[in-house]
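File shown: work-v4.txt. Contents: compact mmCIF, C-alpha atoms.
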```
# COMPACT_ATOMS: atom_id res chain seq x y z
CA LYS A 1 -2.50 7.39 -20.37
CA LYS A 2 -1.40 4.12 -18.83
CA SER A 3 2.35 3.64 -19.20
CA ASP A 4 3.62 0.56 -21.00
CA PRO A 5 4.97 -2.20 -18.74
CA PRO A 6 8.76 -2.68 -18.72
CA PRO A 7 10.16 -5.25 -21.16
CA LEU A 8 10.48 -8.85 -20.11
CA PRO A 9 14.01 -9.76 -18.95
CA ASP A 10 16.22 -12.43 -20.49
CA VAL A 11 15.98 -15.99 -19.16
CA HIS A 12 18.01 -19.12 -19.73
CA ALA A 13 17.51 -20.91 -23.03
CA HIS A 14 15.84 -23.95 -21.48
CA ASN A 15 13.05 -21.78 -20.03
CA VAL A 16 10.49 -19.38 -21.47
CA ILE A 17 9.08 -16.14 -20.05
CA ALA A 18 5.73 -14.52 -20.76
CA GLU A 19 3.41 -11.83 -19.47
CA TYR A 20 0.97 -12.98 -16.80
CA GLY A 21 -1.98 -10.70 -16.17
CA ASP A 22 -1.55 -6.94 -16.20
CA ASP A 23 1.56 -6.62 -14.04
CA ALA A 24 3.31 -9.98 -13.64
CA MET A 25 5.53 -12.38 -15.54
CA VAL A 26 5.71 -16.16 -15.53
CA ILE A 27 8.82 -18.26 -16.14
CA ARG A 28 8.40 -21.94 -16.93
CA PRO A 29 10.41 -24.78 -18.51
CA ALA A 30 10.31 -24.61 -22.30
CA PRO A 31 8.23 -27.31 -24.02
CA ASN A 32 11.38 -28.75 -25.60
CA ALA A 33 13.43 -28.63 -22.37
CA LYS A 34 12.64 -32.19 -21.29
CA SER A 35 15.66 -34.32 -20.45
CA ASN A 36 16.85 -36.83 -23.02
CA LEU A 37 17.76 -39.20 -20.22
CA PRO A 38 15.65 -42.35 -19.83
CA PHE A 39 13.20 -42.43 -16.93
CA TRP A 40 15.35 -44.75 -14.81
CA ALA A 41 18.31 -42.33 -15.02
CA ARG A 42 16.17 -39.34 -14.01
CA PHE A 43 14.67 -41.44 -11.22
CA ALA A 44 18.18 -42.27 -9.95
CA LEU A 45 19.24 -38.60 -10.01
CA MET A 46 16.13 -37.57 -8.08
CA ASN A 47 17.04 -40.22 -5.53
CA THR A 48 20.47 -38.61 -5.31
CA TRP A 49 18.87 -35.23 -4.61
CA LEU A 50 16.56 -36.34 -1.78
CA GLY A 51 17.52 -39.93 -1.00
CA THR A 52 20.77 -38.91 0.69
CA MET A 53 18.88 -38.43 3.97
CA HIS A 54 17.64 -42.02 3.82
CA LEU A 55 21.07 -43.23 2.69
CA SER A 56 22.75 -41.50 5.65
CA VAL A 57 20.43 -43.15 8.17
CA ILE A 58 20.94 -46.59 6.58
CA TRP A 59 24.69 -45.99 6.34
CA VAL A 60 25.11 -45.14 10.04
CA LEU A 61 22.69 -47.75 11.42
CA THR A 62 24.18 -50.55 9.29
CA SER A 63 27.72 -49.63 10.31
CA ILE A 64 26.81 -49.53 14.00
CA THR A 65 24.95 -52.86 13.71
CA PHE A 66 27.99 -54.63 12.23
CA LEU A 67 30.24 -52.90 14.76
CA VAL A 68 28.40 -54.16 17.85
CA ALA A 69 26.96 -57.46 16.59
CA PRO A 70 28.41 -60.42 18.57
CA ALA A 71 28.77 -62.50 15.41
CA SER A 72 30.88 -59.86 13.61
CA THR A 73 34.49 -60.72 12.87
CA VAL A 74 37.44 -58.40 13.39
CA TYR A 75 37.51 -57.58 9.67
CA THR A 76 33.78 -56.81 9.67
CA ARG A 77 34.21 -54.42 12.58
CA LEU A 78 37.15 -52.74 10.86
CA LEU A 79 35.04 -52.25 7.73
CA ALA A 80 32.21 -50.80 9.85
CA LEU A 81 34.64 -48.38 11.52
CA ALA A 82 35.99 -47.39 8.10
CA ALA A 83 32.44 -46.76 6.83
CA LEU A 84 31.69 -44.53 9.83
CA ALA A 85 34.99 -42.69 9.33
CA VAL A 86 34.12 -42.01 5.67
CA PHE A 87 30.65 -40.80 6.67
CA PHE A 88 31.91 -38.31 9.25
CA THR A 89 34.76 -37.19 6.99
CA LEU A 90 32.25 -36.35 4.25
CA SER A 91 30.08 -34.59 6.84
CA LEU A 92 32.98 -32.33 7.84
CA THR A 93 34.48 -31.82 4.37
CA GLU A 94 33.10 -28.88 2.43
CA LEU A 95 34.58 -29.65 -1.02
CA GLY A 96 34.16 -25.99 -1.90
CA CYS A 97 30.39 -25.98 -1.33
CA PHE A 98 30.56 -22.52 0.27
CA ASP A 99 33.16 -21.04 -2.06
CA GLU A 100 32.49 -18.22 -4.49
CA PRO A 101 32.69 -18.82 -7.35
CA ILE A 102 31.40 -22.39 -7.08
CA PRO A 103 33.99 -25.06 -8.03
CA ARG A 104 33.63 -26.14 -11.64
CA PHE A 105 32.84 -29.80 -10.85
CA GLY A 106 30.19 -28.76 -8.32
CA TYR A 107 28.60 -26.28 -10.71
CA VAL A 108 28.36 -28.78 -13.57
CA PHE A 109 26.81 -31.49 -11.40
CA THR A 110 24.26 -29.30 -9.61
CA ASN A 111 23.48 -27.40 -12.81
CA PHE A 112 22.34 -30.66 -14.39
CA ILE A 113 20.37 -31.92 -11.36
CA ASP A 114 18.68 -28.58 -10.59
CA LYS A 115 17.42 -28.14 -14.16
CA MET A 116 16.11 -31.70 -14.18
CA CYS A 117 14.36 -31.23 -10.82
CA CYS A 118 12.45 -28.20 -12.11
CA ASN A 119 11.28 -30.23 -15.11
CA TRP A 120 10.42 -33.27 -13.00
CA PHE A 121 7.34 -31.72 -11.35
CA PRO A 122 7.37 -29.29 -13.32
CA ILE A 123 7.81 -25.94 -11.54
CA GLU A 124 6.96 -22.47 -12.79
CA VAL A 125 7.64 -19.10 -11.16
CA ILE A 126 5.46 -15.98 -11.20
CA LEU A 127 6.93 -12.60 -10.25
CA GLU A 128 4.32 -9.96 -9.45
CA GLY A 129 5.06 -6.29 -10.02
CA ARG A 130 7.10 -6.19 -13.22
CA LYS A 131 8.25 -2.61 -12.61
CA HIS A 132 9.74 -3.52 -9.23
CA TRP A 133 11.71 -6.44 -10.68
CA HIS A 134 12.79 -4.36 -13.66
CA ASP A 135 14.06 -1.46 -11.50
CA HIS A 136 15.27 -3.33 -8.42
CA GLY A 137 15.70 -6.94 -9.53
CA VAL A 138 19.35 -7.18 -8.50
CA GLY A 139 19.07 -5.21 -5.25
CA PRO A 140 19.12 -6.61 -1.71
CA ARG A 141 15.87 -7.93 -0.26
CA ILE A 142 14.38 -10.67 1.89
CA VAL A 143 12.00 -13.11 0.22
CA ALA A 144 9.96 -14.88 2.91
CA TYR A 145 8.68 -18.15 1.41
CA GLU A 146 5.85 -20.28 2.78
CA PRO A 147 4.82 -22.98 3.44
CA HIS A 148 7.66 -25.23 4.56
CA SER A 149 5.48 -28.33 4.15
CA LEU A 150 7.33 -31.57 4.74
CA LEU A 151 10.28 -30.28 2.70
CA PRO A 152 10.39 -26.86 0.98
CA LEU A 153 11.01 -28.36 -2.45
CA GLY A 154 9.94 -25.08 -4.07
CA PHE A 155 13.29 -23.63 -2.95
CA ILE A 156 14.83 -25.33 -5.99
CA ALA A 157 13.25 -22.61 -8.15
CA PHE A 158 15.42 -19.95 -6.46
CA VAL A 159 18.83 -21.58 -6.86
CA THR A 160 21.13 -20.24 -9.56
CA GLU A 161 21.24 -23.36 -11.72
CA SER A 162 17.46 -23.82 -11.99
CA GLY A 163 17.22 -20.99 -14.51
CA LEU A 164 13.74 -20.08 -13.24
CA LEU A 165 14.84 -16.55 -12.42
CA PRO A 166 15.84 -13.83 -14.92
CA LYS A 167 19.51 -13.96 -15.83
CA ASN A 168 20.31 -10.65 -14.16
CA MET A 169 18.90 -11.88 -10.83
CA ALA A 170 19.76 -15.58 -10.57
CA ALA A 171 23.36 -15.34 -9.32
CA ARG A 172 22.32 -12.84 -6.63
CA TRP A 173 19.77 -15.03 -4.81
CA TYR A 174 20.76 -17.22 -1.86
CA VAL A 175 18.48 -19.78 -0.26
CA CYS A 176 18.83 -20.02 3.53
CA GLY A 177 17.89 -23.47 4.87
CA THR A 178 18.00 -25.35 8.15
CA SER A 179 21.47 -26.22 9.38
CA ALA A 180 20.37 -29.89 9.60
CA ILE A 181 20.87 -30.39 5.84
CA PHE A 182 24.51 -29.33 6.19
CA ARG A 183 25.15 -32.31 8.47
CA VAL A 184 24.18 -34.82 5.77
CA PRO A 185 26.96 -35.85 3.35
CA ILE A 186 26.25 -35.34 -0.37
CA LEU A 187 23.04 -33.41 0.42
CA LYS A 188 25.19 -30.76 2.07
CA HIS A 189 27.36 -30.50 -1.03
CA LEU A 190 24.49 -30.51 -3.53
CA TRP A 191 22.72 -27.63 -1.78
CA GLY A 192 25.94 -25.78 -0.95
CA TRP A 193 27.00 -25.82 -4.60
CA SER A 194 23.54 -24.41 -5.40
CA GLN A 195 24.20 -21.28 -3.29
CA THR A 196 22.26 -22.49 -0.25
CA ARG A 197 23.42 -21.33 3.16
CA ALA A 198 22.60 -22.33 6.76
CA VAL A 199 19.99 -19.91 8.02
CA SER A 200 21.03 -17.49 10.76
CA LYS A 201 20.80 -13.78 11.41
CA GLY A 202 24.50 -13.30 10.65
CA VAL A 203 24.39 -15.21 7.37
CA MET A 204 21.33 -13.34 6.14
CA ALA A 205 22.87 -10.00 7.14
CA ASP A 206 26.03 -10.82 5.16
CA ILE A 207 23.94 -11.70 2.08
CA ILE A 208 22.03 -8.41 2.32
CA LYS A 209 25.20 -6.38 2.86
CA LYS A 210 26.68 -7.59 -0.41
CA GLY A 211 23.56 -6.48 -2.27
CA ALA A 212 22.00 -9.91 -2.75
CA THR A 213 18.63 -11.50 -1.98
CA ALA A 214 18.13 -13.84 0.99
CA VAL A 215 15.34 -16.40 0.57
CA VAL A 216 14.09 -17.86 3.85
CA CYS A 217 11.17 -19.93 5.11
CA PRO A 218 10.29 -18.22 8.43
CA GLY A 219 8.07 -21.06 9.69
CA GLY A 220 10.77 -23.65 9.16
CA VAL A 221 10.57 -27.27 10.26
CA ALA A 222 8.26 -26.28 13.15
CA GLU A 223 5.43 -26.31 10.62
CA CYS A 224 5.73 -30.10 10.30
CA MET A 225 4.41 -30.43 13.87
CA HIS A 226 1.22 -28.64 12.83
CA MET A 227 0.51 -30.77 9.74
CA THR A 228 -2.11 -32.77 11.60
CA ASP A 229 -5.20 -32.35 9.42
CA ASN A 230 -4.20 -34.75 6.61
CA GLY A 231 -3.52 -31.95 4.15
CA ALA A 232 -6.86 -30.16 4.53
CA THR A 233 -4.99 -26.86 4.94
CA GLU A 234 -1.53 -25.45 4.29
CA VAL A 235 0.27 -24.39 7.46
CA ALA A 236 2.44 -21.31 7.99
CA PHE A 237 4.01 -21.06 11.46
CA LEU A 238 4.37 -17.29 11.64
CA ASN A 239 2.76 -15.87 14.78
CA LYS A 240 6.02 -16.25 16.74
CA ARG A 241 8.41 -15.69 13.82
CA LYS A 242 9.40 -12.04 13.61
CA GLY A 243 13.18 -12.11 13.32
CA PHE A 244 13.11 -11.86 9.51
CA VAL A 245 10.87 -8.78 9.79
CA LYS A 246 13.26 -7.13 12.23
CA LEU A 247 16.19 -7.89 9.92
CA ALA A 248 14.41 -6.25 6.97
CA LEU A 249 13.78 -3.10 9.02
CA GLU A 250 17.32 -2.97 10.44
CA HIS A 251 18.86 -3.12 6.95
CA ASP A 252 16.11 -1.10 5.24
CA VAL A 253 15.49 -3.69 2.51
CA PRO A 254 12.22 -4.77 0.86
CA LEU A 255 10.34 -7.74 2.31
CA CYS A 256 8.59 -9.83 -0.36
CA PRO A 257 6.04 -12.55 0.40
CA SER A 258 6.25 -15.80 -1.55
CA VAL A 259 4.10 -18.94 -1.66
CA GLY A 260 4.55 -22.41 -3.07
CA ILE A 261 1.32 -23.91 -4.40
CA GLY A 262 1.17 -27.68 -4.87
CA GLN A 263 4.33 -28.38 -2.85
CA THR A 264 2.75 -30.36 0.00
CA ALA A 265 1.20 -32.90 -2.39
CA THR A 266 4.57 -33.97 -3.81
CA LEU A 267 5.45 -36.21 -0.84
CA ASP A 268 3.64 -38.55 1.54
CA PHE A 269 4.80 -38.67 5.13
CA TYR A 270 4.41 -40.04 8.65
CA ILE A 271 5.14 -38.06 11.81
CA PRO A 272 5.11 -39.95 15.17
CA GLY A 273 2.24 -38.97 17.43
CA PRO A 274 -0.70 -40.29 19.43
CA PRO A 275 -1.37 -42.96 20.55
CA LEU A 276 2.31 -44.00 20.64
CA PHE A 277 3.72 -40.59 21.58
CA SER A 278 2.22 -37.29 22.64
CA HIS A 279 2.67 -34.26 20.37
CA LYS A 280 4.53 -32.51 23.20
CA ALA A 281 7.04 -35.38 23.55
CA VAL A 282 7.70 -35.42 19.79
CA GLU A 283 8.14 -31.64 19.78
CA LYS A 284 10.68 -31.79 22.64
CA PHE A 285 12.60 -34.57 20.90
CA ALA A 286 12.59 -32.57 17.65
CA ARG A 287 14.07 -29.56 19.44
CA PHE A 288 16.76 -31.79 20.96
CA ILE A 289 17.95 -33.32 17.66
CA GLY A 290 17.40 -30.15 15.58
CA PHE A 291 14.79 -31.53 13.16
CA VAL A 292 11.40 -33.26 13.19
CA PRO A 293 11.61 -37.07 13.32
CA LEU A 294 9.54 -38.26 10.37
CA ALA A 295 9.46 -40.58 7.41
CA PHE A 296 8.62 -39.43 3.89
CA TRP A 297 8.23 -41.14 0.56
CA GLY A 298 7.02 -40.51 -2.95
CA ILE A 299 6.90 -42.71 -6.06
CA MET A 300 6.89 -46.45 -5.24
CA GLY A 301 7.82 -45.74 -1.62
CA CYS A 302 11.13 -44.12 -2.63
CA PRO A 303 12.31 -40.59 -1.68
CA VAL A 304 11.54 -39.45 -5.25
CA PRO A 305 8.65 -36.91 -5.14
CA HIS A 306 5.43 -37.46 -7.04
CA ARG A 307 5.37 -35.73 -10.43
CA ARG A 308 2.82 -33.09 -9.49
CA PRO A 309 3.12 -29.49 -10.74
CA MET A 310 4.11 -26.59 -8.49
CA ARG A 311 3.66 -22.86 -8.93
CA ILE A 312 5.97 -20.54 -6.97
CA VAL A 313 4.71 -16.96 -6.66
CA VAL A 314 6.80 -14.02 -5.44
CA GLY A 315 4.70 -10.98 -4.57
CA ARG A 316 5.40 -7.27 -4.51
CA PRO A 317 7.32 -5.88 -1.52
CA VAL A 318 5.19 -5.30 1.57
CA GLU A 319 4.64 -1.62 2.31
CA VAL A 320 6.83 -0.60 5.25
CA PRO A 321 5.18 1.39 8.08
CA PRO A 322 6.56 4.95 8.34
CA GLN A 323 9.19 5.70 10.96
CA GLN A 324 8.16 8.30 13.51
CA PRO A 325 10.59 11.02 14.70
CA GLY A 326 13.00 9.62 17.28
CA GLU A 327 11.82 6.05 16.70
CA ASP A 328 14.26 3.18 16.13
CA ALA A 329 14.22 1.69 12.64
CA ALA A 330 13.38 -1.72 14.13
CA SER A 331 11.10 -0.59 16.94
CA GLU A 332 8.57 -2.99 18.41
CA ARG A 333 5.71 -1.05 16.84
CA ARG A 334 7.20 -1.20 13.33
CA ILE A 335 8.05 -4.89 13.68
CA GLU A 336 4.51 -5.78 14.74
CA GLU A 337 2.94 -3.67 12.00
CA LEU A 338 5.20 -4.97 9.21
CA HIS A 339 4.68 -8.54 10.41
CA ARG A 340 0.91 -8.05 10.31
CA ARG A 341 1.12 -6.60 6.80
CA TYR A 342 3.35 -9.48 5.65
CA VAL A 343 0.94 -12.13 6.97
CA THR A 344 -1.97 -10.35 5.26
CA ALA A 345 -0.05 -10.07 1.97
CA LEU A 346 0.99 -13.73 2.14
CA THR A 347 -2.57 -14.92 2.74
CA GLU A 348 -3.91 -12.75 -0.09
CA LEU A 349 -1.17 -14.03 -2.39
CA TYR A 350 -2.12 -17.64 -1.69
CA ASP A 351 -5.85 -16.97 -2.08
CA ARG A 352 -5.29 -15.06 -5.32
CA HIS A 353 -3.17 -17.71 -7.01
CA ARG A 354 -4.34 -21.00 -5.56
CA GLU A 355 -7.44 -21.41 -7.74
CA LEU A 356 -5.55 -20.27 -10.84
CA ALA A 357 -2.77 -22.79 -10.17
CA VAL A 358 -5.27 -25.60 -9.75
CA ARG A 359 -7.13 -24.67 -12.92
CA GLU A 360 -4.15 -23.81 -15.16
CA LEU A 361 -1.55 -26.34 -14.00
CA GLY A 362 -3.53 -28.99 -12.18
CA CYS A 363 -1.79 -28.29 -8.87
CA VAL A 364 -3.05 -30.22 -5.84
CA ALA A 365 -3.42 -27.57 -3.13
CA PRO A 366 -5.67 -27.02 -0.06
CA LYS A 367 -8.16 -24.19 -0.24
CA LYS A 368 -6.86 -22.40 2.84
CA LEU A 369 -3.52 -21.21 4.21
CA ARG A 370 -3.67 -21.56 8.00
CA ILE A 371 -1.53 -19.17 10.07
CA VAL A 372 -0.42 -20.58 13.44
```
Here is a file; write its structure as structure tokens.
Amino acid sequence: KKSDPPPLPDVHAHNVIAEYGDDAMVIRPAPNAKSNLPFWARFALMNTWLGTMHLSVIWVLTSITFLVAPASTVYTRLLALAALAVFFTLSLTELGCFDEPIPRFGYVFTNFIDKMCCNWFPIEVILEGRKHWHDHGVGPRIVAYEPHSLLPLGFIAFVTESGLLPKNMAARWYVCGTSAIFRVPILKHLWGWSQTRAVSKGVMADIIKKGATAVVCPGGVAECMHMTDNGATEVAFLNKRKGFVKLALEHDVPLCPSVGIGQTATLDFYIPGPPLFSHKAVEKFARFIGFVPLAFWGIMGCPVPHRRPMRIVVGRPVEVPPQQPGEDAASERRIEELHRRYVTALTELYDRHRELAVRELGCVAPKKLRIV
């Protein structure tokens, strides 16, 4: 006799949870969870979430222009210097964005924005393997999310305030993102207050050691350099990314694949390239500055993403290859084998859910996930 599936966990009041297939659950914004704010207010808050990158560039360039312009007066130059001083002070000031617990003012602000962001698209989350999440939902693990796309906007589903995770799991998940976002004022604070950390081996190890889940995008910003087919395929830069696999083996924690379907279609973008610059030159410059030089836009040319639905799927843990007598836990053989199994599981996860997401939600997603 087939055993009954475990009960569905509790979720936040503004979301609903339901069975999905034989052994999965789906969490989505409740039908009545739409914000009472007028469209212009939601639009402004979305600009706050993503427009801070554009604001920072304009802020610095405008200040420098007034500082060096021959026609500038002494007072204008002093104002420009003050503006630069404020910018770099905000860049260096944490305002409790890495504290635990999160400061009250930071929690209230990000709680509001994160919930609204999930409803903006909207986003829904599917967790495969209900028994695993029921028995081990609060245990340490690594969730390896792909693709990065232009920006991994699907990460918002994993932050505590989004409510798109069961209540018993939400506070124990930490998103690990590129250190570049922690150099941008306001953006640094918004993501820091949402339990996001700069990705590194040490940071992820600390998260695992305290029994929490580390969410990482292994391909990272390098995937932007491979988005050269006008969205015909999704790109996952994984062939040279094996550090997350080694970390999972060293700490003996589950490795779960995760995919974001519909994410790439939420933003339009331009990346410099031929004929003005060679791909190699752009790649070298990107390595030098720490991020890919690009421009992105959404609704009406603003940083606000298009309102296109996303489905985030977290799969079952990848089966770990057995350890042979006398073999290191993170031996080269085990790393290669687990990496191969992860890539296979990730591809199957995308193929299995892509068509369903397009049909059920209207997601805009390429038919193929390309591994590079």
Atom CA of A:Pro38 to atom CA of A:Pro309: how many Å, to one decimal?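 Distance between the two atoms: 20.1 Å.
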Best match for closeness to A:Trp133 among A:Ile156, A:Cys224, A:Leu356, A:Val314, counting all atoms listed in the file: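 Of the candidates, the smallest distance to A:Trp133 is held by A:Val314.
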Could you tell me which of A:Gly315, A:Gly262, A:Pro185, A:Gly96 comes closest to A:Val57 if we count all atoms listed in the file?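 Of A:Gly315, A:Gly262, A:Pro185, A:Gly96, the one nearest A:Val57 is A:Pro185, counting all atoms listed in the file.
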Top pick for closest residue to A:Tyr107, considering A:Gln195, A:Asn119, A:Leu50, A:Leu79 and counting all atoms listed in the file: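 So, comparing all the options, the nearest one is A:Gln195.
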Measuring atom to atom with all atoms listed in the file, identify which of A:Gly301, A:Gly129, A:Gly202, A:Pro321 is nearest to A:Leu8.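 Using all atoms listed in the file, the shortest distance to A:Leu8 belongs to A:Gly129.
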For stretch 291-298 of chain A, take all atoms listed in the file, fit an axis-aligned box around them, add 3 Å to each of the six sides, then output centre and edge lengths in Å rounded to one decimal, as lines of an AutoDock Vina configuration file.
```
center_x = 10.9
center_y = -36.3
center_z = 5.2
size_x = 13.8
size_y = 15.6
size_z = 22.3
```
Return the single residue from A:Lys368, A:Arg334, A:Leu150, A:Lys167 that is closest to A:Glu223, with distances computed using all atoms listed in the file.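 The answer is A:Leu150, which sits nearest to A:Glu223.
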Among the residues A:Trp120, A:Phe98, A:Phe105, A:Trp49, the one that comes closest to A:His306 [using all atoms listed in the file]: A:Trp120
Report, in Å to a single decimal, how far apart atom CA of A:Ser63 and atom CA of A:Ala80 are. 4.7 Å
How far is it from atom CA of A:Asp10 to atom CA of A:Pro166, in Å with one decimal?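 It comes out at 5.8 Å.
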At a cut-off of 12 Å, using only C-alpha atoms, what residues contact A:Pro305? Leave out same-chain residues fewer than 2 positions from it and give the result as a PyMOL selection string. chain A and resi 42-51+117-118+120-122+150-154+262-269+296-303+307-310
Could you please fill out stretch 110-121 of chain A with N, CA, C and O atoms and send it back as an mmCIF file, in the frame of the given file?
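Final file, out.cif:
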```cif
data_model
loop_
_atom_site.group_PDB
_atom_site.id
_atom_site.type_symbol
_atom_site.label_atom_id
_atom_site.label_comp_id
_atom_site.auth_asym_id
_atom_site.auth_seq_id
_atom_site.Cartn_x
_atom_site.Cartn_y
_atom_site.Cartn_z
ATOM 1 N N THR A 110 25.511 -29.868 -10.125
ATOM 2 C CA THR A 110 24.260 -29.300 -9.610
ATOM 3 C C THR A 110 23.466 -28.600 -10.703
ATOM 4 O O THR A 110 22.233 -28.588 -10.669
ATOM 5 N N ASN A 111 24.162 -28.029 -11.691
ATOM 6 C CA ASN A 111 23.480 -27.400 -12.810
ATOM 7 C C ASN A 111 22.577 -28.412 -13.523
ATOM 8 O O ASN A 111 21.421 -28.137 -13.848
ATOM 9 N N PHE A 112 23.098 -29.599 -13.713
ATOM 10 C CA PHE A 112 22.340 -30.660 -14.390
ATOM 11 C C PHE A 112 21.168 -31.121 -13.519
ATOM 12 O O PHE A 112 20.030 -31.239 -13.992
ATOM 13 N N ILE A 113 21.427 -31.401 -12.238
ATOM 14 C CA ILE A 113 20.370 -31.920 -11.360
ATOM 15 C C ILE A 113 19.291 -30.875 -11.126
ATOM 16 O O ILE A 113 18.093 -31.185 -11.157
ATOM 17 N N ASP A 114 19.666 -29.616 -10.889
ATOM 18 C CA ASP A 114 18.680 -28.580 -10.590
ATOM 19 C C ASP A 114 17.732 -28.341 -11.762
ATOM 20 O O ASP A 114 16.524 -28.175 -11.574
ATOM 21 N N LYS A 115 18.276 -28.312 -12.984
ATOM 22 C CA LYS A 115 17.420 -28.140 -14.160
ATOM 23 C C LYS A 115 16.443 -29.311 -14.285
ATOM 24 O O LYS A 115 15.266 -29.139 -14.589
ATOM 25 N N MET A 116 16.955 -30.528 -14.047
ATOM 26 C CA MET A 116 16.110 -31.700 -14.180
ATOM 27 C C MET A 116 15.017 -31.726 -13.115
ATOM 28 O O MET A 116 13.881 -32.122 -13.375
ATOM 29 N N CYS A 117 15.348 -31.270 -11.902
ATOM 30 C CA CYS A 117 14.360 -31.230 -10.820
ATOM 31 C C CYS A 117 13.193 -30.308 -11.177
ATOM 32 O O CYS A 117 12.031 -30.629 -10.917
ATOM 33 N N CYS A 118 13.506 -29.153 -11.751
ATOM 34 C CA CYS A 118 12.450 -28.200 -12.110
ATOM 35 C C CYS A 118 11.540 -28.765 -13.189
ATOM 36 O O CYS A 118 10.350 -28.453 -13.234
ATOM 37 N N ASN A 119 12.089 -29.604 -14.077
ATOM 38 C CA ASN A 119 11.280 -30.230 -15.110
ATOM 39 C C ASN A 119 10.539 -31.463 -14.609
ATOM 40 O O ASN A 119 9.568 -31.883 -15.223
ATOM 41 N N TRP A 120 11.020 -32.033 -13.518
ATOM 42 C CA TRP A 120 10.420 -33.270 -13.000
ATOM 43 C C TRP A 120 8.974 -33.038 -12.581
ATOM 44 O O TRP A 120 8.100 -33.847 -12.857
ATOM 45 N N PHE A 121 8.681 -31.925 -11.913
ATOM 46 C CA PHE A 121 7.340 -31.720 -11.350
ATOM 47 C C PHE A 121 6.279 -31.372 -12.410
ATOM 48 O O PHE A 121 5.226 -32.045 -12.396
#
```
